[in-house]
Amino acid sequence: MHIKALLTERIETALAQCGAPGPAIIKVSGRPDFGHYQANGIMALAKKAGQVPRDLALSVMDAVDLTDVADRLEVAGPGFINIHLNAAWIASELASDAALITTSTTPLRVVVDYSSPNLAKEMHVGHLRSTIIGDAYARTMEALGHLVIRQNHVGDWGTQFGMLLTHMQDIGANSVDLSDLEAFYRAAKVRFDEDADFASKSRSTVVALQSGDPKVRGWWQQFIDISLSHCQELYTRLDVSLTPQDVCAESSYNDDLPVVVADLTQAHLLTESDGAMCVFLDEFTGKDGAPLPVIVQKSDGGYLYSTTDLAAIRYRNKTLNADRAAYFVDARQSLHFRQIFSVARVAGFAPERLHLEHMPFGTMMGKDGKPFQTRTGGVVKLADLLDEAQARATALVKEKNPALDETSARSIGNVVGIGAIKYADLSKNRTSDYVFDWDLMLSFDGNTSPYLQYAYSRISSIFSRGEVDRAALSGTPILNEEAEVNLGLSLIRFQETLEQIAAEGFPHHLCAYLYDLATRFMQFYETCPVLTSEGATRHSRLLLAARTAQTLQEGLNLLGIRTIERM
Ligand code: ARG
C-alpha cells in the first residue's frame with residue numbers, strides 16, 4: 001500500500017468539499033513519532049481560497065474519511081493535520097499474504113542510459129557513480145513493474161581510435177598487451193605526441209575506419225571486444241545488472257547521423273557558422289549574452305557527441321518506444337543534455353509523451369578535497385579500487401570473527417567490500433560531490449552497507465537459533481508495544497519509498513529508509529523479546545522479524561547489494 005497516496009487522495013477529497021481544491025502535501029513526520037503522518041499543504045490553499053488556515057484545517061478534519069486507517073486526527077500549529085495511523089490497520093497491511101511490492105497498473109517503458117564508458121580507455125572511478133546509481137534505479141523501476149530498457153551508450157568511435165589501432169598494429173598487440181588498457185593508451189598517446197610519422201599514420205587510420213575499410217574495421221572490432229570484456233568483468237564483480245545485450249554503442253548510430261543533419265536542415269533549424277552546422281535556440285546564450293550553438297556537424301564534415309545523442313533520442317522514441325528516458329550522467333554534462341533535449345523537441349525527434357530526464361551526479365572526491373586520485377595523482381582504475389575494497393573488508397571480517405576459515409572470510413569480505421563501495425555512493429544525495437572515505441564506508445555502525453548486512457544476518461540468526469522456518473510463517477502480526485507499531489509503520493512505508501525513487505531517481509531515499517528500518521528493528525529487538533516470548537506474541541514477533549529481513553534483503557537487492565545469512 002502506498003500510504004502517502006492514500007492519505008493524499010482522502011485529504012484532497014475533503015479539501016474539495018471544503019471549497020479549497022488543491023494538492024494536499026503529505027509528509028512523514030519526525031522519526032520517533034507513533035504512526036504519524038502530516039498534511040502540510042493546507043495553509044497555502046487556505047490563503048488562495050481566502051480562508052483562515054486553522055479553520056480550513058478543522059473543516060477538513062471533520063470532512064475527511066479516514067476511519068479505516070487512522071485512530072486519531074489533530075490540527076497542529078497554524079494548520080497542519082496530524083494523522084495517527086491505526087495499529088490494526090498497519091498490521092493488516094502486513095498480513096503474510098500482502099505483497100512486499102505492489103507493481104504499477106500502468107507500466108511504462110523506461111530507457112535507462114547508464115555506465116556508458118569510453119572504450120578507448122579503461123573504466124576508472126569516474127564511471128562508478130553512473131554505473132551504480134543507474135543500476136539501482138533500473139532495478140527499482142523493474143521491481144515496480146515497469147519495462148526497463150538498459151542502454152549502455154559506450155563511446156567506441158572518434159579520433160583516439162586512430163592512434164590506438166595504429167599502435168596495436170605496430171606492436172602486433174594481442175589481448176595480453178591490451179589487458180592493461182590504461183598503460184596501452186598512455187603508450188599510444190606518447191607516440192602520437194612525439195612521433196609525427198605515427199601521428200599522421202593514426203590520422204589515416206581514422207579515415208580508413210570511418211570509410212569502412214574492412215581491415216581497419218577488423219582491428220577496431222577486436223579492440224572494442226577486448227575493452228568491452230573488461231567492462232563486463234567489472235559489472236560482474238560489482239553485481240551490476242548490465243549485460244553485453246545492453247550495449248548500444250555510439251557507432252551504432254553512424255548511419256543515422258547524416259539523416260539527423262538532413263532532417264534538421266529540412267526543419268529549417270540549421271545555421272552555418274564558421275563552416276560548422278549549428279542549431280541556435282533562443283534559450284541558450286553564453287555569459288556575454290551571445291547565442292550558444294549546438295554544433296551537429298564540424299566544418300570537416302565530422303559529427304559530434306551531440307549528433308549521436310540526437311540520433312539516440314530518435315531511436316529511443318521510434319524504435320524502443322519509450323515513455324521515459326533517464327540519463328545517469330555527470331553533472332558537468334548538464335548543458336549538453338538541456339541543449340539536445342530542447343533540439344530534439346523542436347525537431348520533433350521527441351514528442352511530449354516521452355519524458356527526457358538528465359539525472360546528474362557530482363564528483364567523487366578524495367579526503368583531501370580534490371577529485372579522487374591515486375597517491376601519485378593518476379586516475380584510479382576501477383579494478384584496483386575493487387581489489388582494495390575486498391582486501392580491506394576481508395581483513396575487517398577476520399578481525400570481527402577470527403574463527404572464520406580463510407575461504408569464508410574472503411567470500412564474506414567480497415560481499416561486504418563491494419556493498420560498502422556501492423552503498424557509500426548510493427546513500428548520498430547524488431547531486432552533490434561526495435568524499436570517498438574507506439573508514440566510514442566500512443564501518444559497522446551508522447548508515448552503511450556493513451551495518452545493514454549485519455542487521456540482516458542478525459535477524460536471520462534469530463530464525464536459525466529458534467529453528468523456525470521463516471518461509472512457513474503466516475498470519476497477521478499484533479502491534480501492541482510502541483516499538484512494534486513503529487517497526488510496523490516503517491515496514492509498510494517500503495512501497496512509497498520505492499515510488500519516490502521511481503519518480504525522482506534518488507536512491508539515497510531508499511538507503512535512508514533501510515537504515516531507519518534497521519534502527520527501528522534494533523529498538524524493537526531490545527524491548528520486545530522474540531524467541532523467549534510465547535504463543536501469539538512469539539508468533540507475531542517472528543512475523544515482524546521475517547518481514548523486516550525480507551524488506552532489508554529486497555531493499556539491498558534493489559541497490560545491487562547482496563546479503564549474507566551468517567557474518
Ligand atoms: N561516454 C560518455 C562519457 O564518458 C557518457 C555517455 C552518456 N550517455 C549519453 N547518451 N550521452 O562521458
# chains A, B, ... in the order shown; residues from 1 in each chain; ligands from 1
$ residues_near_ligand --ligand "ligand 1" --cutoff "8 Å" --atoms "only C-alpha atoms and all ligand atoms" --output "ChimeraX atom specification"
/A:113-118,127,152-155,305-306,309,312,327-330,333,337
$ residues_around --residues "Ala173 of chain A" --least-positions-apart "4" --cutoff "12 Å" --atoms "only C-alpha atoms" --output "VMD selection string"
chain A and resid 164 to 169 177 to 181 184 188 219 222 to 223 226
$ residues_around --residues "Val64 of chain A" --least-positions-apart "3" --cutoff "6 Å" --atoms "only C-alpha atoms" --output "list in words"
Ala14, Val60 and Met61 of chain A
$ closest_residue --among "A:Leu335, A:Leu320, A:Ala518, A:Leu257" --to "Gly301 of chain A" --atoms "only C-alpha atoms"
A:Leu257
$ closest_residue --among "A:Leu281, A:Ala455, A:Met359, A:Val110" --to "Gly134 of chain A" --atoms "only C-alpha atoms"
A:Met359
$ residues_around --residues "Ala95 of chain A" --least-positions-apart "2" --cutoff "9 Å" --atoms "only C-alpha atoms" --output "PDB file with all heavy atoms, in the first residue's frame"
ATOM      1  N   ALA A  91      -1.164  -3.433  10.873  1.00  0.00           N
ATOM      2  CA  ALA A  91      -0.964  -4.879  10.976  1.00  0.00           C
ATOM      3  C   ALA A  91      -1.621  -5.613   9.813  1.00  0.00           C
ATOM      4  O   ALA A  91      -1.035  -6.542   9.239  1.00  0.00           O
ATOM      5  CB  ALA A  91      -1.512  -5.389  12.301  1.00  0.00           C
ATOM      6  N   SER A  92      -2.818  -5.162   9.425  1.00  0.00           N
ATOM      7  CA  SER A  92      -3.498  -5.874   8.335  1.00  0.00           C
ATOM      8  C   SER A  92      -2.739  -5.686   7.016  1.00  0.00           C
ATOM      9  O   SER A  92      -2.725  -6.560   6.164  1.00  0.00           O
ATOM     10  CB  SER A  92      -4.949  -5.414   8.208  1.00  0.00           C
ATOM     11  OG  SER A  92      -4.977  -4.095   7.704  1.00  0.00           O
ATOM     12  N   GLU A  93      -2.067  -4.527   6.896  1.00  0.00           N
ATOM     13  CA  GLU A  93      -1.242  -4.306   5.704  1.00  0.00           C
ATOM     14  C   GLU A  93      -0.043  -5.253   5.680  1.00  0.00           C
ATOM     15  O   GLU A  93       0.562  -5.488   4.650  1.00  0.00           O
ATOM     16  CB  GLU A  93      -0.729  -2.864   5.672  1.00  0.00           C
ATOM     17  CG  GLU A  93      -1.796  -1.838   5.328  1.00  0.00           C
ATOM     18  CD  GLU A  93      -2.273  -1.975   3.895  1.00  0.00           C
ATOM     19  OE1 GLU A  93      -1.409  -2.062   2.999  1.00  0.00           O
ATOM     20  OE2 GLU A  93      -3.500  -2.018   3.669  1.00  0.00           O
ATOM     21  N   ASP A  97      -0.009 -12.503   3.489  1.00  0.00           N
ATOM     22  CA  ASP A  97      -0.255 -12.602   2.048  1.00  0.00           C
ATOM     23  C   ASP A  97      -0.067 -11.262   1.336  1.00  0.00           C
ATOM     24  O   ASP A  97      -0.156 -11.174   0.120  1.00  0.00           O
ATOM     25  CB  ASP A  97      -1.664 -13.158   1.780  1.00  0.00           C
ATOM     26  CG  ASP A  97      -2.737 -12.297   2.439  1.00  0.00           C
ATOM     27  OD1 ASP A  97      -2.376 -11.462   3.292  1.00  0.00           O
ATOM     28  OD2 ASP A  97      -3.919 -12.465   2.091  1.00  0.00           O
ATOM     29  N   ALA A  98       0.206 -10.181   2.096  1.00  0.00           N
ATOM     30  CA  ALA A  98       0.385  -8.879   1.447  1.00  0.00           C
ATOM     31  C   ALA A  98       1.732  -8.851   0.714  1.00  0.00           C
ATOM     32  O   ALA A  98       2.758  -9.197   1.289  1.00  0.00           O
ATOM     33  CB  ALA A  98       0.318  -7.775   2.489  1.00  0.00           C
ATOM     34  N   ALA A  99       1.692  -8.440  -0.525  1.00  0.00           N
ATOM     35  CA  ALA A  99       2.925  -8.428  -1.319  1.00  0.00           C
ATOM     36  C   ALA A  99       3.873  -7.371  -0.767  1.00  0.00           C
ATOM     37  O   ALA A  99       3.449  -6.324  -0.283  1.00  0.00           O
ATOM     38  CB  ALA A  99       2.602  -8.122  -2.768  1.00  0.00           C
ATOM     39  N   SER A 474       2.837 -17.615   8.817  1.00  0.00           N
ATOM     40  CA  SER A 474       1.737 -16.911   8.157  1.00  0.00           C
ATOM     41  C   SER A 474       0.849 -16.249   9.202  1.00  0.00           C
ATOM     42  O   SER A 474       0.916 -16.584  10.382  1.00  0.00           O
ATOM     43  CB  SER A 474       0.930 -17.876   7.288  1.00  0.00           C
ATOM     44  OG  SER A 474       0.235 -18.745   8.123  1.00  0.00           O
ATOM     45  N   GLY A 475       0.052 -15.308   8.746  1.00  0.00           N
ATOM     46  CA  GLY A 475      -0.864 -14.624   9.657  1.00  0.00           C
ATOM     47  C   GLY A 475      -0.626 -13.129   9.700  1.00  0.00           C
ATOM     48  O   GLY A 475       0.112 -12.579   8.878  1.00  0.00           O
ATOM     49  N   THR A 476      -1.285 -12.482  10.666  1.00  0.00           N
ATOM     50  CA  THR A 476      -1.216 -11.033  10.813  1.00  0.00           C
ATOM     51  C   THR A 476      -0.554 -10.720  12.150  1.00  0.00           C
ATOM     52  O   THR A 476      -0.943 -11.287  13.168  1.00  0.00           O
ATOM     53  CB  THR A 476      -2.655 -10.458  10.822  1.00  0.00           C
ATOM     54  OG1 THR A 476      -3.318 -10.904   9.637  1.00  0.00           O
ATOM     55  CG2 THR A 476      -2.652  -8.943  10.850  1.00  0.00           C
ATOM     56  N   PRO A 477       0.458  -9.839  12.146  1.00  0.00           N
ATOM     57  CA  PRO A 477       1.089  -9.524  13.432  1.00  0.00           C
ATOM     58  C   PRO A 477       0.150  -8.719  14.331  1.00  0.00           C
ATOM     59  O   PRO A 477      -0.807  -8.111  13.862  1.00  0.00           O
ATOM     60  CB  PRO A 477       2.314  -8.696  13.039  1.00  0.00           C
ATOM     61  CG  PRO A 477       1.994  -8.130  11.707  1.00  0.00           C
ATOM     62  CD  PRO A 477       1.070  -9.106  11.033  1.00  0.00           C
ATOM     63  N   LEU A 543       6.847 -12.958  12.922  1.00  0.00           N
ATOM     64  CA  LEU A 543       6.342 -12.411  11.652  1.00  0.00           C
ATOM     65  C   LEU A 543       6.998 -11.061  11.351  1.00  0.00           C
ATOM     66  O   LEU A 543       7.421 -10.803  10.214  1.00  0.00           O
ATOM     67  CB  LEU A 543       4.829 -12.195  11.720  1.00  0.00           C
ATOM     68  CG  LEU A 543       3.904 -13.354  11.410  1.00  0.00           C
ATOM     69  CD1 LEU A 543       2.457 -12.948  11.696  1.00  0.00           C
ATOM     70  CD2 LEU A 543       4.036 -13.767   9.942  1.00  0.00           C
TER      71      LEU A 543
END
$ decode --residues "segment 228-361 of chain A" --atoms "C-alpha atoms" --output "short mmCIF file (atom, residue, chain, number, x, y, z; two decimals), in the first residue's frame"
data_model
loop_
_atom_site.label_atom_id
_atom_site.label_comp_id
_atom_site.auth_asym_id
_atom_site.auth_seq_id
_atom_site.Cartn_x
_atom_site.Cartn_y
_atom_site.Cartn_z
CA LEU A 228 34.03 -4.36 -23.56
CA SER A 229 35.03 -7.61 -21.94
CA HIS A 230 36.99 -5.61 -19.35
CA CYS A 231 33.82 -3.62 -18.61
CA GLN A 232 31.73 -6.75 -18.35
CA GLU A 233 34.21 -8.24 -15.86
CA LEU A 234 33.79 -5.18 -13.68
CA TYR A 235 30.00 -5.27 -13.95
CA THR A 236 30.06 -8.86 -12.79
CA ARG A 237 32.38 -8.08 -9.88
CA LEU A 238 30.20 -5.12 -8.94
CA ASP A 239 26.93 -7.04 -9.20
CA VAL A 240 25.72 -4.57 -11.80
CA SER A 241 22.93 -5.95 -13.94
CA LEU A 242 24.28 -4.74 -17.31
CA THR A 243 24.90 -7.43 -19.90
CA PRO A 244 26.52 -7.35 -23.37
CA GLN A 245 22.98 -7.14 -24.82
CA ASP A 246 22.52 -3.74 -23.19
CA VAL A 247 25.38 -2.18 -25.13
CA CYS A 248 24.10 0.26 -27.70
CA ALA A 249 27.32 1.92 -28.77
CA GLU A 250 27.81 5.35 -30.27
CA SER A 251 28.94 3.72 -33.52
CA SER A 252 25.56 2.04 -33.93
CA TYR A 253 24.13 5.46 -34.79
CA ASN A 254 26.69 6.24 -37.51
CA ASP A 255 24.39 5.65 -40.46
CA ASP A 256 21.73 7.84 -38.95
CA LEU A 257 23.95 10.89 -38.37
CA PRO A 258 23.68 12.30 -41.92
CA VAL A 259 19.93 11.72 -41.70
CA VAL A 260 19.74 13.69 -38.44
CA VAL A 261 21.54 16.58 -40.10
CA ALA A 262 19.32 16.36 -43.19
CA ASP A 263 16.19 16.36 -41.04
CA LEU A 264 17.37 19.35 -39.06
CA THR A 265 18.04 21.13 -42.34
CA GLN A 266 14.59 20.31 -43.58
CA ALA A 267 13.08 21.64 -40.34
CA HIS A 268 14.96 24.91 -41.03
CA LEU A 269 16.83 24.60 -37.78
CA LEU A 270 20.40 24.65 -39.08
CA THR A 271 22.63 27.67 -39.46
CA GLU A 272 26.12 27.59 -40.85
CA SER A 273 28.64 29.22 -38.58
CA ASP A 274 32.37 29.20 -39.47
CA GLY A 275 31.68 26.28 -41.75
CA ALA A 276 30.04 24.21 -38.98
CA MET A 277 26.38 23.27 -38.97
CA CYS A 278 24.67 24.56 -35.84
CA VAL A 279 21.31 24.82 -34.16
CA PHE A 280 20.74 28.09 -32.31
CA LEU A 281 17.93 28.17 -29.80
CA ASP A 282 16.96 31.41 -28.03
CA GLU A 283 17.02 29.80 -24.62
CA PHE A 284 20.78 29.13 -24.78
CA THR A 285 23.13 32.04 -24.54
CA GLY A 286 26.70 32.29 -23.32
CA LYS A 287 27.95 34.52 -20.48
CA ASP A 288 28.18 37.53 -22.80
CA GLY A 289 24.58 37.01 -23.94
CA ALA A 290 25.75 35.75 -27.33
CA PRO A 291 23.73 32.83 -28.72
CA LEU A 292 25.19 29.42 -27.89
CA PRO A 293 25.16 26.89 -30.72
CA VAL A 294 24.59 23.15 -30.62
CA ILE A 295 27.07 22.00 -33.26
CA VAL A 296 25.92 18.92 -35.15
CA GLN A 297 28.50 18.80 -37.94
CA LYS A 298 32.02 20.21 -37.95
CA SER A 299 33.46 22.10 -40.88
CA ASP A 300 35.45 18.98 -41.92
CA GLY A 301 32.18 17.05 -42.16
CA GLY A 302 32.70 15.15 -38.88
CA TYR A 303 29.83 14.57 -36.49
CA LEU A 304 29.83 15.16 -32.75
CA TYR A 305 28.75 13.74 -29.42
CA SER A 306 25.56 15.86 -29.71
CA THR A 307 24.69 14.49 -33.12
CA THR A 308 24.93 10.95 -31.81
CA ASP A 309 22.78 11.81 -28.82
CA LEU A 310 20.11 13.28 -31.10
CA ALA A 311 20.11 10.07 -33.14
CA ALA A 312 19.87 8.10 -29.88
CA ILE A 313 16.83 10.08 -28.74
CA ARG A 314 15.14 9.33 -32.02
CA TYR A 315 15.92 5.64 -31.69
CA ARG A 316 14.67 5.58 -28.11
CA ASN A 317 11.45 7.17 -29.22
CA LYS A 318 10.73 5.43 -32.51
CA THR A 319 12.29 2.02 -32.10
CA LEU A 320 12.33 1.48 -28.36
CA ASN A 321 9.01 3.27 -27.99
CA ALA A 322 10.00 4.69 -24.61
CA ASP A 323 7.77 6.73 -22.32
CA ARG A 324 10.72 7.88 -20.30
CA ALA A 325 14.45 8.12 -20.88
CA ALA A 326 16.62 8.73 -17.82
CA TYR A 327 20.28 9.64 -18.34
CA PHE A 328 22.61 9.00 -15.41
CA VAL A 329 25.49 11.20 -16.46
CA ASP A 330 27.92 13.54 -14.68
CA ALA A 331 26.51 16.97 -13.77
CA ARG A 332 29.19 18.58 -15.93
CA GLN A 333 27.16 17.48 -18.95
CA SER A 334 24.03 19.33 -17.83
CA LEU A 335 24.18 21.97 -20.54
CA HIS A 336 24.73 19.30 -23.19
CA PHE A 337 21.56 17.49 -22.13
CA ARG A 338 19.44 20.61 -21.82
CA GLN A 339 20.52 21.52 -25.32
CA ILE A 340 19.95 18.21 -27.02
CA PHE A 341 16.62 17.69 -25.23
CA SER A 342 15.45 21.08 -26.50
CA VAL A 343 16.69 20.47 -30.02
CA ALA A 344 15.04 17.04 -30.02
CA ARG A 345 11.72 18.63 -29.01
CA VAL A 346 11.70 21.38 -31.63
CA ALA A 347 12.92 18.98 -34.30
CA GLY A 348 10.12 16.57 -33.46
CA PHE A 349 12.54 13.74 -32.52
CA ALA A 350 10.98 13.54 -29.06
CA PRO A 351 7.22 14.01 -28.69
CA GLU A 352 5.85 15.47 -25.44
CA ARG A 353 4.81 11.95 -24.38
CA LEU A 354 8.47 10.98 -24.00
CA HIS A 355 9.91 12.32 -20.76
CA LEU A 356 13.61 13.08 -21.07
CA GLU A 357 15.46 13.40 -17.80
CA HIS A 358 19.08 14.06 -17.06
CA MET A 359 19.82 12.57 -13.64
CA PRO A 360 23.07 14.37 -12.84
CA PHE A 361 25.59 13.47 -10.17
#
